[in-house]
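Pasted below: structure-v8.cif, mmCIF, C-alpha atoms; chains and numbers go by the auth columns.
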```
data_model
loop_
_atom_site.group_PDB
_atom_site.id
_atom_site.type_symbol
_atom_site.label_atom_id
_atom_site.label_comp_id
_atom_site.label_asym_id
_atom_site.label_seq_id
_atom_site.Cartn_x
_atom_site.Cartn_y
_atom_site.Cartn_z
_atom_site.B_iso_or_equiv
_atom_site.auth_seq_id
_atom_site.auth_asym_id
ATOM 1 C CA MET A 1 81.849 -50.042 102.596 0.00 1 A
ATOM 2 C CA ALA A 2 78.370 -48.838 101.708 0.00 2 A
ATOM 3 C CA LYS A 3 75.867 -48.662 104.534 0.00 3 A
ATOM 4 C CA ILE A 4 74.770 -52.259 104.538 0.00 4 A
ATOM 5 C CA GLY A 5 74.698 -54.646 107.386 0.00 5 A
ATOM 6 C CA GLY A 6 75.077 -58.178 108.539 0.00 6 A
ATOM 7 C CA ALA A 7 74.185 -60.783 105.985 0.00 7 A
ATOM 8 C CA ALA A 8 74.382 -58.521 102.916 0.00 8 A
ATOM 9 C CA GLU A 9 77.870 -57.415 103.918 0.00 9 A
ATOM 10 C CA ARG A 10 78.986 -61.029 104.392 0.00 10 A
ATOM 11 C CA TYR A 11 77.572 -62.066 101.015 0.00 11 A
ATOM 12 C CA ALA A 12 79.179 -59.046 99.325 0.00 12 A
ATOM 13 C CA THR A 13 82.560 -59.808 100.893 0.00 13 A
ATOM 14 C CA ALA A 14 82.394 -63.491 99.997 0.00 14 A
ATOM 15 C CA LEU A 15 81.340 -62.749 96.411 0.00 15 A
ATOM 16 C CA PHE A 16 84.064 -60.125 96.106 0.00 16 A
ATOM 17 C CA GLU A 17 86.751 -62.560 97.258 0.00 17 A
ATOM 18 C CA LEU A 18 85.508 -65.227 94.823 0.00 18 A
ATOM 19 C CA ALA A 19 85.365 -62.700 91.973 0.00 19 A
ATOM 20 C CA LYS A 20 88.840 -61.445 92.834 0.00 20 A
ATOM 21 C CA ASP A 21 90.250 -64.989 92.729 0.00 21 A
ATOM 22 C CA ALA A 22 88.485 -65.612 89.403 0.00 22 A
ATOM 23 C CA LYS A 23 89.595 -62.206 88.029 0.00 23 A
ATOM 24 C CA ALA A 24 85.927 -61.409 87.428 0.00 24 A
ATOM 25 C CA ILE A 25 85.398 -58.317 89.599 0.00 25 A
ATOM 26 C CA ASP A 26 84.392 -56.112 86.652 0.00 26 A
ATOM 27 C CA ALA A 27 81.970 -58.702 85.246 0.00 27 A
ATOM 28 C CA VAL A 28 80.286 -59.331 88.594 0.00 28 A
ATOM 29 C CA GLU A 29 80.106 -55.602 89.318 0.00 29 A
ATOM 30 C CA ALA A 30 78.448 -55.003 85.945 0.00 30 A
ATOM 31 C CA ASP A 31 75.946 -57.799 86.684 0.00 31 A
ATOM 32 C CA LEU A 32 75.092 -56.349 90.080 0.00 32 A
ATOM 33 C CA ASN A 33 74.811 -52.811 88.688 0.00 33 A
ATOM 34 C CA GLY A 34 72.295 -54.155 86.172 0.00 34 A
ATOM 35 C CA LEU A 35 70.371 -55.914 88.912 0.00 35 A
ATOM 36 C CA LEU A 36 70.388 -52.778 91.061 0.00 36 A
ATOM 37 C CA ALA A 37 69.073 -50.740 88.123 0.00 37 A
ATOM 38 C CA ALA A 38 66.286 -53.306 87.605 0.00 38 A
ATOM 39 C CA LEU A 39 65.379 -53.146 91.300 0.00 39 A
ATOM 40 C CA THR A 40 65.345 -49.345 91.175 0.00 40 A
ATOM 41 C CA GLU A 41 63.182 -49.207 88.055 0.00 41 A
ATOM 42 C CA ASN A 42 60.816 -52.004 89.081 0.00 42 A
ATOM 43 C CA ALA A 43 59.596 -51.628 92.666 0.00 43 A
ATOM 44 C CA GLU A 44 57.443 -54.761 92.311 0.00 44 A
ATOM 45 C CA LEU A 45 60.549 -56.882 91.750 0.00 45 A
ATOM 46 C CA GLY A 46 62.119 -55.641 94.980 0.00 46 A
ATOM 47 C CA GLU A 47 58.868 -56.174 96.860 0.00 47 A
ATOM 48 C CA ALA A 48 58.538 -59.723 95.519 0.00 48 A
ATOM 49 C CA LEU A 49 62.117 -60.567 96.513 0.00 49 A
ATOM 50 C CA SER A 50 61.524 -59.194 100.026 0.00 50 A
ATOM 51 C CA SER A 51 58.068 -60.697 100.481 0.00 51 A
ATOM 52 C CA PRO A 52 57.652 -63.651 102.842 0.00 52 A
ATOM 53 C CA LEU A 53 54.706 -64.784 100.683 0.00 53 A
ATOM 54 C CA TYR A 54 57.080 -66.360 98.163 0.00 54 A
ATOM 55 C CA GLU A 55 59.359 -69.268 98.986 0.00 55 A
ATOM 56 C CA GLY A 56 63.112 -69.165 98.582 0.00 56 A
ATOM 57 C CA GLU A 57 63.086 -71.639 95.700 0.00 57 A
ATOM 58 C CA GLY A 58 60.615 -69.478 93.774 0.00 58 A
ATOM 59 C CA LYS A 59 62.749 -66.401 94.359 0.00 59 A
ATOM 60 C CA ALA A 60 65.858 -68.357 93.346 0.00 60 A
ATOM 61 C CA ALA A 61 64.137 -69.433 90.116 0.00 61 A
ATOM 62 C CA ALA A 62 63.086 -65.847 89.362 0.00 62 A
ATOM 63 C CA LEU A 63 66.596 -64.518 89.990 0.00 63 A
ATOM 64 C CA ALA A 64 68.074 -67.342 87.885 0.00 64 A
ATOM 65 C CA ALA A 65 65.746 -66.428 85.004 0.00 65 A
ATOM 66 C CA ILE A 66 66.777 -62.774 85.257 0.00 66 A
ATOM 67 C CA ALA A 67 70.451 -63.744 85.466 0.00 67 A
ATOM 68 C CA ASP A 68 70.202 -66.085 82.466 0.00 68 A
ATOM 69 C CA LYS A 69 68.384 -63.535 80.335 0.00 69 A
ATOM 70 C CA ALA A 70 70.913 -60.816 81.254 0.00 70 A
ATOM 71 C CA GLY A 71 73.886 -63.140 80.750 0.00 71 A
ATOM 72 C CA PHE A 72 75.226 -62.816 84.303 0.00 72 A
ATOM 73 C CA ASN A 73 78.524 -64.361 85.340 0.00 73 A
ATOM 74 C CA ASP A 74 78.181 -67.756 87.048 0.00 74 A
ATOM 75 C CA LEU A 75 79.503 -66.329 90.332 0.00 75 A
ATOM 76 C CA THR A 76 76.733 -63.738 90.340 0.00 76 A
ATOM 77 C CA LYS A 77 74.054 -66.306 89.448 0.00 77 A
ATOM 78 C CA ASN A 78 75.208 -68.752 92.119 0.00 78 A
ATOM 79 C CA THR A 79 75.422 -66.110 94.847 0.00 79 A
ATOM 80 C CA LEU A 80 71.941 -64.784 94.077 0.00 80 A
ATOM 81 C CA GLY A 81 70.604 -68.350 94.119 0.00 81 A
ATOM 82 C CA VAL A 82 72.192 -69.107 97.484 0.00 82 A
ATOM 83 C CA MET A 83 70.878 -65.854 98.915 0.00 83 A
ATOM 84 C CA ALA A 84 67.352 -66.614 97.702 0.00 84 A
ATOM 85 C CA ARG A 85 67.361 -70.178 99.031 0.00 85 A
ATOM 86 C CA ASN A 86 68.624 -68.866 102.393 0.00 86 A
ATOM 87 C CA GLY A 87 65.778 -66.345 102.623 0.00 87 A
ATOM 88 C CA ARG A 88 67.988 -63.358 101.790 0.00 88 A
ATOM 89 C CA ALA A 89 66.750 -62.436 98.288 0.00 89 A
ATOM 90 C CA GLY A 90 65.478 -59.129 99.615 0.00 90 A
ATOM 91 C CA LEU A 91 69.098 -58.135 100.265 0.00 91 A
ATOM 92 C CA ALA A 92 70.077 -58.226 96.574 0.00 92 A
ATOM 93 C CA GLY A 93 70.230 -54.427 96.360 0.00 93 A
ATOM 94 C CA ASP A 94 72.418 -54.237 99.463 0.00 94 A
ATOM 95 C CA LEU A 95 74.647 -56.964 98.004 0.00 95 A
ATOM 96 C CA ALA A 96 75.108 -54.867 94.855 0.00 96 A
ATOM 97 C CA ARG A 97 75.912 -51.702 96.824 0.00 97 A
ATOM 98 C CA GLY A 98 78.342 -53.524 99.112 0.00 98 A
ATOM 99 C CA PHE A 99 80.111 -55.209 96.218 0.00 99 A
ATOM 100 C CA ALA A 100 80.426 -51.882 94.391 0.00 100 A
ATOM 101 C CA ALA A 101 82.031 -50.305 97.455 0.00 101 A
ATOM 102 C CA LEU A 102 84.533 -53.158 97.735 0.00 102 A
ATOM 103 C CA ALA A 103 85.351 -52.951 94.022 0.00 103 A
ATOM 104 C CA ALA A 104 85.831 -49.178 94.257 0.00 104 A
ATOM 105 C CA ALA A 105 88.152 -49.583 97.242 0.00 105 A
ATOM 106 C CA GLU A 106 90.146 -52.191 95.309 0.00 106 A
ATOM 107 C CA ARG A 107 90.616 -49.644 92.512 0.00 107 A
ATOM 108 C CA GLY A 108 91.617 -46.950 95.038 0.00 108 A
ATOM 109 C CA VAL A 109 88.496 -44.930 94.368 0.00 109 A
ATOM 110 C CA SER A 110 86.069 -43.598 96.966 0.00 110 A
ATOM 111 C CA GLU A 111 82.364 -43.986 96.505 0.00 111 A
ATOM 112 C CA ALA A 112 79.813 -41.242 97.020 0.00 112 A
ATOM 113 C CA HIS A 113 76.126 -41.931 97.535 0.00 113 A
ATOM 114 C CA VAL A 114 74.063 -39.035 96.243 0.00 114 A
ATOM 115 C CA THR A 115 70.362 -38.642 96.939 0.00 115 A
ATOM 116 C CA SER A 116 68.394 -36.064 94.989 0.00 116 A
ATOM 117 C CA ALA A 117 64.723 -35.216 94.475 0.00 117 A
ATOM 118 C CA ALA A 118 64.949 -35.856 90.725 0.00 118 A
ATOM 119 C CA LYS A 119 67.184 -37.964 88.533 0.00 119 A
ATOM 120 C CA LEU A 120 70.515 -36.234 87.878 0.00 120 A
ATOM 121 C CA THR A 121 71.744 -35.761 84.320 0.00 121 A
ATOM 122 C CA GLN A 122 75.137 -37.106 83.294 0.00 122 A
ATOM 123 C CA LYS A 123 76.407 -33.518 83.073 0.00 123 A
ATOM 124 C CA GLU A 124 75.335 -32.859 86.683 0.00 124 A
ATOM 125 C CA ILE A 125 76.933 -36.114 87.840 0.00 125 A
ATOM 126 C CA ASP A 126 80.197 -35.228 86.070 0.00 126 A
ATOM 127 C CA ALA A 127 80.225 -31.749 87.650 0.00 127 A
ATOM 128 C CA LEU A 128 79.555 -33.215 91.087 0.00 128 A
ATOM 129 C CA LYS A 129 82.288 -35.804 90.581 0.00 129 A
ATOM 130 C CA ALA A 130 84.783 -33.055 89.663 0.00 130 A
ATOM 131 C CA SER A 131 83.771 -30.954 92.691 0.00 131 A
ATOM 132 C CA LEU A 132 84.130 -33.891 95.062 0.00 132 A
ATOM 133 C CA LYS A 133 87.511 -34.807 93.565 0.00 133 A
ATOM 134 C CA ARG A 134 88.742 -31.231 94.185 0.00 134 A
ATOM 135 C CA ALA A 135 87.323 -31.183 97.717 0.00 135 A
ATOM 136 C CA LEU A 136 88.503 -34.629 98.781 0.00 136 A
ATOM 137 C CA GLY A 137 91.638 -35.011 96.686 0.00 137 A
ATOM 138 C CA ARG A 138 90.818 -38.445 95.286 0.00 138 A
ATOM 139 C CA ASP A 139 88.814 -40.066 92.519 0.00 139 A
ATOM 140 C CA ILE A 140 85.137 -40.553 93.271 0.00 140 A
ATOM 141 C CA GLU A 141 82.540 -42.936 91.873 0.00 141 A
ATOM 142 C CA ILE A 142 78.991 -41.684 92.275 0.00 142 A
ATOM 143 C CA ARG A 143 75.927 -43.800 92.980 0.00 143 A
ATOM 144 C CA THR A 144 72.654 -41.937 92.727 0.00 144 A
ATOM 145 C CA ASP A 145 69.306 -42.472 94.370 0.00 145 A
ATOM 146 C CA VAL A 146 66.122 -40.514 93.803 0.00 146 A
ATOM 147 C CA ASP A 147 63.990 -39.631 96.807 0.00 147 A
ATOM 148 C CA PRO A 148 61.223 -37.078 96.134 0.00 148 A
ATOM 149 C CA ALA A 149 61.031 -36.403 99.893 0.00 149 A
ATOM 150 C CA VAL A 150 64.355 -34.530 99.597 0.00 150 A
ATOM 151 C CA LEU A 151 62.334 -31.824 97.767 0.00 151 A
ATOM 152 C CA GLY A 152 65.456 -30.197 96.279 0.00 152 A
ATOM 153 C CA GLY A 153 69.217 -30.013 96.721 0.00 153 A
ATOM 154 C CA LEU A 154 71.415 -33.016 97.402 0.00 154 A
ATOM 155 C CA ILE A 155 72.472 -35.349 100.160 0.00 155 A
ATOM 156 C CA VAL A 156 76.012 -36.584 99.485 0.00 156 A
ATOM 157 C CA GLN A 157 77.679 -39.240 101.610 0.00 157 A
ATOM 158 C CA VAL A 158 81.319 -40.214 101.143 0.00 158 A
ATOM 159 C CA GLY A 159 82.375 -42.744 103.743 0.00 159 A
ATOM 160 C CA SER A 160 81.391 -41.368 107.135 0.00 160 A
ATOM 161 C CA ARG A 161 81.148 -37.773 105.854 0.00 161 A
ATOM 162 C CA MET A 162 77.755 -36.413 104.891 0.00 162 A
ATOM 163 C CA PHE A 163 76.977 -33.180 103.076 0.00 163 A
ATOM 164 C CA ASP A 164 73.281 -32.378 103.303 0.00 164 A
ATOM 165 C CA SER A 165 72.080 -29.407 101.268 0.00 165 A
ATOM 166 C CA SER A 166 68.571 -30.757 100.844 0.00 166 A
ATOM 167 C CA LEU A 167 65.588 -28.483 101.028 0.00 167 A
ATOM 168 C CA ARG A 168 63.884 -30.953 103.369 0.00 168 A
ATOM 169 C CA THR A 169 66.683 -30.608 105.948 0.00 169 A
ATOM 170 C CA LYS A 170 66.672 -26.828 105.656 0.00 170 A
ATOM 171 C CA LEU A 171 62.886 -26.736 106.174 0.00 171 A
ATOM 172 C CA ASP A 172 63.156 -29.103 109.148 0.00 172 A
ATOM 173 C CA GLY A 173 65.800 -26.806 110.676 0.00 173 A
ATOM 174 C CA LEU A 174 63.597 -23.784 110.120 0.00 174 A
ATOM 175 C CA ARG A 175 60.605 -25.589 111.649 0.00 175 A
ATOM 176 C CA THR A 176 62.682 -26.470 114.740 0.00 176 A
ATOM 177 C CA ALA A 177 63.974 -22.910 115.061 0.00 177 A
ATOM 178 C CA MET A 178 60.417 -21.553 114.859 0.00 178 A
ATOM 179 C CA LYS A 179 59.198 -23.944 117.584 0.00 179 A
ATOM 180 C CA GLU A 180 61.992 -22.833 119.888 0.00 180 A
ATOM 181 C CA ALA A 181 61.266 -19.119 119.368 0.00 181 A
#
```
Rendering of file as structure tokens:
Amino acid sequence: MAKIGGAAERYATALFELAKDAKAIDAVEADLNGLLAALTENAELGEALSSPLYEGEGKAAALAAIADKAGFNDLTKNTLGVMARNGRAGLAGDLARGFAALAAAERGVSEAHVTSAAKLTQKEIDALKASLKRALGRDIEIRTDVDPAVLGGLIVQVGSRMFDSSLRTKLDGLRTAMKEA
């Protein structure tokens, strides 16, 4: 499972089991991928969902409006509403990542989380996917994050294995080596 904890993991597992029973895993996963993209593109949305300044009912109404406009599956809408009313709306991104990991495992595919300084092109993602498949011997789904602090290179995590070729890590190592000299 993706690196999520506690409540988000429980919501993801519960939603996955409901979606599996309803044969709606693909639909719910598509909904959550859309929500995750919206949260990534719109930082204010994520901040509003996490903010204690807004009540759960207001967050539930906002998520319901987004879900209705996007045409989300009822399971997705209901889960987001329950999360919001229970004060867990800020975990929507973690819910999406956890659900995606469960869906990938169900399909027999491993998931890689890739962090880069700039958005990767589809060609770069495809090349990385092929390299990881050769190295690990199994199909890989890639989830990307952009973090300018990486400076360059990539941080790739597949399960408990991490491959860090980021410029930031290399500079930190050099800084440590220079302090010790």
>> Just checking: using only C-alpha atoms, which residue out of A:Leu15, A:Gly159, A:Ala177, A:Tyr54 ends up closest to Val82 in chain A?
In response: A:Leu15
> Counting all atoms listed in the file, which of A:Leu167, A:Ile142, A:Ala103, A:Leu49 gets nearest to Leu120 in chain A?
Replying inline: A:Ile142
> Skipping near chain neighbours, those fewer than 2 positions away, what residues fall within 12 Å of Gly71 in chain A using all atoms listed in the file, listed as an MDAnalysis selection string?
Replying inline: chainID A and resid 27:28 30:32 34:35 63:69 73:77
Please, could you write that set of residues out with C-alpha atoms as a tab-separated table (two decimals), in the coordinates of the input?
```tsv
chain	number	residue	atom	x	y	z
A	27	ALA	CA	81.97	-58.70	85.25
A	28	VAL	CA	80.29	-59.33	88.59
A	30	ALA	CA	78.45	-55.00	85.94
A	31	ASP	CA	75.95	-57.80	86.68
A	32	LEU	CA	75.09	-56.35	90.08
A	34	GLY	CA	72.30	-54.16	86.17
A	35	LEU	CA	70.37	-55.91	88.91
A	63	LEU	CA	66.60	-64.52	89.99
A	64	ALA	CA	68.07	-67.34	87.88
A	65	ALA	CA	65.75	-66.43	85.00
A	66	ILE	CA	66.78	-62.77	85.26
A	67	ALA	CA	70.45	-63.74	85.47
A	68	ASP	CA	70.20	-66.08	82.47
A	69	LYS	CA	68.38	-63.54	80.33
A	73	ASN	CA	78.52	-64.36	85.34
A	74	ASP	CA	78.18	-67.76	87.05
A	75	LEU	CA	79.50	-66.33	90.33
A	76	THR	CA	76.73	-63.74	90.34
A	77	LYS	CA	74.05	-66.31	89.45
```
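For Leu132 in chain A, the residues within 10 Å (counting all atoms listed in the file, excluding itself and residues fewer than 4 positions away along the chain) are A:Ala112, A:Asp126, A:Ala127, A:Leu128, A:Leu136, A:Gly137, A:Arg138, A:Asp139, A:Ile140, A:Glu141, A:Ile142, A:Val156, A:Val158.
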> Which value, in Å to one decimal, gives the distance between CA of Gln122 in chain A and CA of Thr144 in chain A?
Replying inline: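 Straight-line distance from CA of Gln122 in chain A to CA of Thr144 in chain A works out to 10.9 Å.
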> Of the candidates A:Leu171, A:Ala37, A:Ala149, A:Ala130, which one gets nearest to Arg97 in chain A if we count only C-alpha atoms?
Replying inline: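 Result for the nearest residue to Arg97 in chain A: A:Ala37.
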> When distances are computed from all atoms listed in the file, which of A:Val114, A:Val150, A:Ala100, A:Ala89 shows the smallest separation from Thr13 in chain A?
Replying inline: A:Ala100
> In Å, how far is it from CA of Glu9 in chain A to CA of Gly98 in chain A?
Replying inline: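 It comes out at 6.2 Å.
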> Taking into account all atoms listed in the file, which residue in the set A:Leu80, A:Leu45, A:Ala104, A:Met178 is nearest to Ala61 in chain A?
Replying inline: A:Leu80
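Going from CA of Phe99 in chain A over to CA of Tyr11 in chain A, you cover 8.7 Å.
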Return the padded bounding box of range 112-129 of chain A as lines of an AutoDock Vina configuration file: axis-aligned, built from all atoms listed in the file, 5 Å added on each side, with centre and edge lengths in Å to one decimal.
```
center_x = 73.5
center_y = -36.8
center_z = 90.3
size_x = 27.6
size_y = 20.2
size_z = 24.5
```
With the input short on atoms, add N, CA, C and O atoms back to range 56-82 of chain A and write it as an mmCIF file, keeping the file's coordinate frame.
```
data_model
loop_
_atom_site.group_PDB
_atom_site.id
_atom_site.type_symbol
_atom_site.label_atom_id
_atom_site.label_comp_id
_atom_site.auth_asym_id
_atom_site.auth_seq_id
_atom_site.Cartn_x
_atom_site.Cartn_y
_atom_site.Cartn_z
ATOM 1 N N GLY A 56 61.755 -69.373 99.049
ATOM 2 C CA GLY A 56 63.112 -69.165 98.582
ATOM 3 C C GLY A 56 63.390 -69.781 97.229
ATOM 4 O O GLY A 56 64.074 -69.188 96.388
ATOM 5 N N GLU A 57 62.849 -70.961 96.989
ATOM 6 C CA GLU A 57 63.086 -71.639 95.700
ATOM 7 C C GLU A 57 62.446 -70.858 94.553
ATOM 8 O O GLU A 57 63.009 -70.768 93.469
ATOM 9 N N GLY A 58 61.271 -70.292 94.798
ATOM 10 C CA GLY A 58 60.615 -69.478 93.774
ATOM 11 C C GLY A 58 61.401 -68.214 93.483
ATOM 12 O O GLY A 58 61.550 -67.812 92.320
ATOM 13 N N LYS A 59 61.926 -67.596 94.538
ATOM 14 C CA LYS A 59 62.749 -66.401 94.359
ATOM 15 C C LYS A 59 64.046 -66.750 93.647
ATOM 16 O O LYS A 59 64.516 -66.002 92.780
ATOM 17 N N ALA A 60 64.617 -67.911 93.996
ATOM 18 C CA ALA A 60 65.858 -68.357 93.346
ATOM 19 C C ALA A 60 65.613 -68.588 91.859
ATOM 20 O O ALA A 60 66.443 -68.219 91.017
ATOM 21 N N ALA A 61 64.466 -69.181 91.524
ATOM 22 C CA ALA A 61 64.137 -69.433 90.116
ATOM 23 C C ALA A 61 63.946 -68.113 89.363
ATOM 24 O O ALA A 61 64.405 -67.967 88.222
ATOM 25 N N ALA A 62 63.290 -67.149 90.005
ATOM 26 C CA ALA A 62 63.086 -65.847 89.362
ATOM 27 C C ALA A 62 64.420 -65.140 89.132
ATOM 28 O O ALA A 62 64.672 -64.597 88.047
ATOM 29 N N LEU A 63 65.282 -65.152 90.138
ATOM 30 C CA LEU A 63 66.596 -64.518 89.990
ATOM 31 C C LEU A 63 67.443 -65.242 88.946
ATOM 32 O O LEU A 63 68.172 -64.612 88.182
ATOM 33 N N ALA A 64 67.326 -66.575 88.890
ATOM 34 C CA ALA A 64 68.074 -67.342 87.885
ATOM 35 C C ALA A 64 67.597 -66.984 86.483
ATOM 36 O O ALA A 64 68.409 -66.852 85.554
ATOM 37 N N ALA A 65 66.284 -66.811 86.310
ATOM 38 C CA ALA A 65 65.746 -66.428 85.004
ATOM 39 C C ALA A 65 66.253 -65.049 84.591
ATOM 40 O O ALA A 65 66.643 -64.839 83.437
ATOM 41 N N ILE A 66 66.261 -64.124 85.537
ATOM 42 C CA ILE A 66 66.777 -62.774 85.257
ATOM 43 C C ILE A 66 68.256 -62.859 84.901
ATOM 44 O O ILE A 66 68.710 -62.251 83.927
ATOM 45 N N ALA A 67 69.007 -63.612 85.689
ATOM 46 C CA ALA A 67 70.451 -63.744 85.466
ATOM 47 C C ALA A 67 70.756 -64.387 84.118
ATOM 48 O O ALA A 67 71.669 -63.962 83.407
ATOM 49 N N ASP A 68 69.990 -65.424 83.759
ATOM 50 C CA ASP A 68 70.202 -66.085 82.466
ATOM 51 C C ASP A 68 69.893 -65.146 81.311
ATOM 52 O O ASP A 68 70.653 -65.059 80.351
ATOM 53 N N LYS A 69 68.773 -64.446 81.415
ATOM 54 C CA LYS A 69 68.384 -63.535 80.335
ATOM 55 C C LYS A 69 69.390 -62.398 80.169
ATOM 56 O O LYS A 69 69.697 -61.985 79.059
ATOM 57 N N ALA A 70 69.948 -61.913 81.297
ATOM 58 C CA ALA A 70 70.913 -60.816 81.254
ATOM 59 C C ALA A 70 72.334 -61.300 80.977
ATOM 60 O O ALA A 70 73.223 -60.488 80.766
ATOM 61 N N GLY A 71 72.551 -62.604 81.010
ATOM 62 C CA GLY A 71 73.886 -63.140 80.750
ATOM 63 C C GLY A 71 74.859 -62.916 81.902
ATOM 64 O O GLY A 71 76.047 -62.675 81.674
ATOM 65 N N PHE A 72 74.373 -63.033 83.136
ATOM 66 C CA PHE A 72 75.226 -62.816 84.303
ATOM 67 C C PHE A 72 76.320 -63.866 84.400
ATOM 68 O O PHE A 72 76.153 -65.012 83.976
ATOM 69 N N ASN A 73 77.408 -63.474 85.021
ATOM 70 C CA ASN A 73 78.524 -64.361 85.340
ATOM 71 C C ASN A 73 78.019 -65.464 86.278
ATOM 72 O O ASN A 73 77.128 -65.222 87.095
ATOM 73 N N ASP A 74 78.611 -66.640 86.200
ATOM 74 C CA ASP A 74 78.181 -67.756 87.048
ATOM 75 C C ASP A 74 78.315 -67.442 88.540
ATOM 76 O O ASP A 74 77.488 -67.878 89.338
ATOM 77 N N LEU A 75 79.354 -66.698 88.918
ATOM 78 C CA LEU A 75 79.503 -66.329 90.332
ATOM 79 C C LEU A 75 78.314 -65.501 90.814
ATOM 80 O O LEU A 75 77.801 -65.719 91.916
ATOM 81 N N THR A 76 77.879 -64.576 89.983
ATOM 82 C CA THR A 76 76.733 -63.738 90.340
ATOM 83 C C THR A 76 75.481 -64.593 90.451
ATOM 84 O O THR A 76 74.730 -64.493 91.434
ATOM 85 N N LYS A 77 75.246 -65.442 89.445
ATOM 86 C CA LYS A 77 74.054 -66.306 89.448
ATOM 87 C C LYS A 77 74.024 -67.183 90.694
ATOM 88 O O LYS A 77 72.996 -67.294 91.362
ATOM 89 N N ASN A 78 75.158 -67.829 90.983
ATOM 90 C CA ASN A 78 75.208 -68.752 92.119
ATOM 91 C C ASN A 78 74.987 -68.029 93.443
ATOM 92 O O ASN A 78 74.273 -68.529 94.311
ATOM 93 N N THR A 79 75.584 -66.857 93.603
ATOM 94 C CA THR A 79 75.422 -66.110 94.847
ATOM 95 C C THR A 79 73.969 -65.683 95.037
ATOM 96 O O THR A 79 73.412 -65.819 96.131
ATOM 97 N N LEU A 80 73.351 -65.180 93.980
ATOM 98 C CA LEU A 80 71.941 -64.784 94.077
ATOM 99 C C LEU A 80 71.058 -65.981 94.410
ATOM 100 O O LEU A 80 70.117 -65.871 95.203
ATOM 101 N N GLY A 81 71.366 -67.131 93.825
ATOM 102 C CA GLY A 81 70.604 -68.350 94.119
ATOM 103 C C GLY A 81 70.742 -68.770 95.570
ATOM 104 O O GLY A 81 69.750 -69.117 96.228
ATOM 105 N N VAL A 82 71.958 -68.745 96.083
ATOM 106 C CA VAL A 82 72.192 -69.107 97.484
ATOM 107 C C VAL A 82 71.472 -68.135 98.411
ATOM 108 O O VAL A 82 70.830 -68.545 99.381
#
```
